[in-house]
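Shown next, in C-alpha cells, is the structure this report addresses.
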Amino acid sequence: MNSDRTPTYDPADGYIANALKNWVNFQQVPAWSRSQLLASASQPIVKQSSLFVLRMVIKWVLLRGIELVSALITDNQLTFIPSSDNYCINPPHLSPCAIQSRVRDTFLLEAGMIGAI
Amino acid sequence: MEQQLDRELIVLLQDGELDALGVLYDRHRHLVYRTALAITGDPEMASDLLQEVFLRLYRFAHRIDSERPIQPWLYRMTTNLSYTWVKRRTRWLHFIQDMADRVILDKKPSPHLQAERDEGWQWIQQAIISLPIQQRVVVVLYYINDLSLQEIGEILDIPVGTVKSRLYYARRLLKKQLGIHREALMKVYYETT
C-alpha cells in the first residue's frame with residue numbers, strides 16, 4: 001500500500017467531518033415512520049412475498065414484450081418509413097400506419113410500467 | 001422495556017415481540033436514517049430504507065446473533081440496501097439525467113459561490129452525491145458515523161486496504177467539490193489552535 005494512501009490523518013478531515021455531520025444532524029426522521037413500521041411489521045409476511053413475486057412476473061412479461069418488438073425491428077419485420085408528418089412502423093404485410101400508434105403506445109406503456117415497478 | 005439491552009431486545013424480537021422492535025427503532029433510527037440519507041441524498045428514499053431495514057430486522061431476527069452488537073448489522077443492511085436502491089434509481093434515471101445535462105449548458109458555479117448561494121445544505125449534499133457510490137459509502141461510515149477503517153472493512157466485507165484506497169480517492173474528490181484549498185485549511189488550523 002502506498003503510504004500516501006494511508007488516511008491516518010488528513011488536514012481536511014475535520015472540515016469534511018464537520019460539514020457532513022452538520023448536514024445529516026440537521027435532518028430529522030419523519031414522525032410517521034414509527035407507526036408505519038409497526039403496522040407493516042404486523043402484516044403477514046406471505047402477503048409481501050406474493051407482491052414481490054407478482055412484480056417480478058409482470059416485469060418479466062413486459063421485458064419479454066420489449067425484447068420481442070426490438071427483435072422484430074432488428075430483423076426488418078418492422079421498419080421505420082417516413083410518413084407525411086411523422087414516422088410510421090411498417091411491417092411488410094400491413095399498411096404503414098396501421099399499427100404505428102399501437103406499437104408506440106405499447107412501448108411507452110411498458111417502459112413506464114417497468115420504471116414504476 | 002426501554003431499559004433493556006439490545007441483546008435482550010433481540011431475543012424478544014426472535015420471539016415475535018413487536019414492542020421490542022419499537023424500542024430498537026427508537027434507539028437506532030437516527031443511525032439508519034442519517035446513513036441512508038447521506039448515501040442516497042434523498043429524504044424520501046431514506047425514509048423508505050429506514051422502514052425496510054427495521055422490517056428486515058424484525059423478519060430476520062432469528063438469524064441475528066444476540067450476543068453481538070446490533071450496530072454493525074444495521075450498518076451492513078443500510079449500506080447494502082442503499083447501494084441497491086441507488087443503483088436501481090441510477091439505472092432508470094441515467095438517460096434522463098444525460099438529457100438534462102445536455103439541456104443545461106451554463107457552467108456550474110464554484111463550490112464557494114454555491115455555498116454562499118445556498119442557505120441550506122445543498123452544497124455539501126451535492127458534494128457527497130457526486131462521489132461514486134462505493135466511495136460515498138466509505139465516506140459516510142468514516143466521517144459521519146466515526147467508524148474505524150477496520151470496522152468499515154468488516155461491515156462492507158472488503159479488505160482494509162480497499163477501504164483506505166476508496167477513502168483516499170473520495171477525499172481528493174471531496175476537497176475539490178468543497179473547494180478546500182491550502183489557504184482554507186491553514187485558516188481552519190489557525191482558528192482551532
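A note on labels: chains of the C-alpha cells are A, B, ... as shown, every chain counts residues from 1, and ligands are counted from 1 in their shown order.
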Which residues of chain B are close to chain A, meaning at most 8 Å apart when you count only C-alpha atoms, and how do they look as a count of residues only?
-> 32
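With only C-alpha atoms taken into account, the protein and nucleic acid residues at most 10 Å from Thr40 in chain B (excluding it and anything under 3 positions from it in its own chain) are B:Arg34, B:Thr35, B:Ala36, B:Leu37, B:Pro43, B:Glu44, B:Met45, B:Ala46, B:Leu49, B:Thr79, B:Ser82, B:Tyr83, B:Trp85, B:Val86, B:Lys87, B:Arg89, B:Gln125, B:Ile128, B:Ile129, B:Ile133, B:Arg136, B:Val137.
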Nearest to Ile66 in chain A by atom-to-atom distance, counting only C-alpha atoms, from A:Gly112, A:Pro44, A:Ala31, A:Ser50 | A:Gly112
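Taking CA of Ile158 in chain B and CA of Ile39 in chain B as endpoints, the distance between them is 18.0 Å.
Atom to atom, CA of Arg55 in chain A and CA of Leu68 in chain A stand 20.0 Å apart.
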Residue list (alpha helix (DSSP H), DSSP) for range 15-46 of chain B, as a count of residues only = 27
Separation of CA of Ser70 in chain A from CA of Met113 in chain A in Å | 17.3 Å
Could you give me, as a ChimeraX atom specification, the residues within 10 Å of Leu173 in chain B, counting only C-alpha atoms and dropping anything in the same chain fewer than 2 positions from it?
-> /B:127-128,130-132,135,167-171,175-179
Any idea what's packed within 10 Å of Leu62 in chain A, counting only C-alpha atoms, ignoring anything in its chain fewer than 2 positions away? Could you give it as number ranges by chain?
-> A: 56-60, 64-68, 106-107, 109-111, 113-114
Residue neighbourhood Pro72 in chain B, 12 Å, only C-alpha atoms, exclusion window fewer than 3 positions, as a VMD selection string | chain B and resid 28 31 to 32 64 to 65 68 to 69 75 to 80 141 145 147 to 148 150 to 157
Okay, now the selection with C-alpha atoms, as a JSON list (two decimals), in the first residue's frame?
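In the end it all went to out_17.json:
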```json
[["chain", "number", "residue", "atom", "x", "y", "z"],
["B", 28, "HIS", "CA", -31.18, 3.30, 16.40],
["B", 31, "LEU", "CA", -28.14, 5.92, 12.81],
["B", 32, "VAL", "CA", -30.03, 4.19, 10.00],
["B", 64, "ILE", "CA", -29.06, -12.47, 14.22],
["B", 65, "ASP", "CA", -26.63, -13.42, 16.97],
["B", 68, "ARG", "CA", -23.02, -9.50, 19.19],
["B", 69, "PRO", "CA", -23.66, -5.74, 18.88],
["B", 75, "TYR", "CA", -24.87, -0.53, 9.12],
["B", 76, "ARG", "CA", -24.41, -3.50, 6.82],
["B", 77, "MET", "CA", -28.11, -3.74, 5.98],
["B", 78, "THR", "CA", -28.42, 0.03, 5.49],
["B", 79, "THR", "CA", -25.42, 0.28, 3.20],
["B", 80, "ASN", "CA", -26.38, -2.81, 1.19],
["B", 141, "LEU", "CA", -19.26, 5.47, 7.55],
["B", 145, "ASN", "CA", -20.54, 7.54, 11.79],
["B", 147, "LEU", "CA", -16.22, 4.10, 12.32],
["B", 148, "SER", "CA", -12.66, 2.86, 12.12],
["B", 150, "GLN", "CA", -11.24, -1.95, 10.35],
["B", 151, "GLU", "CA", -14.93, -1.67, 11.23],
["B", 152, "ILE", "CA", -15.79, -0.32, 7.78],
["B", 153, "GLY", "CA", -13.91, -3.20, 6.20],
["B", 154, "GLU", "CA", -15.88, -5.73, 8.26],
["B", 155, "ILE", "CA", -19.23, -4.07, 7.54],
["B", 156, "LEU", "CA", -18.63, -3.85, 3.80],
["B", 157, "ASP", "CA", -16.77, -7.16, 3.71]]
```
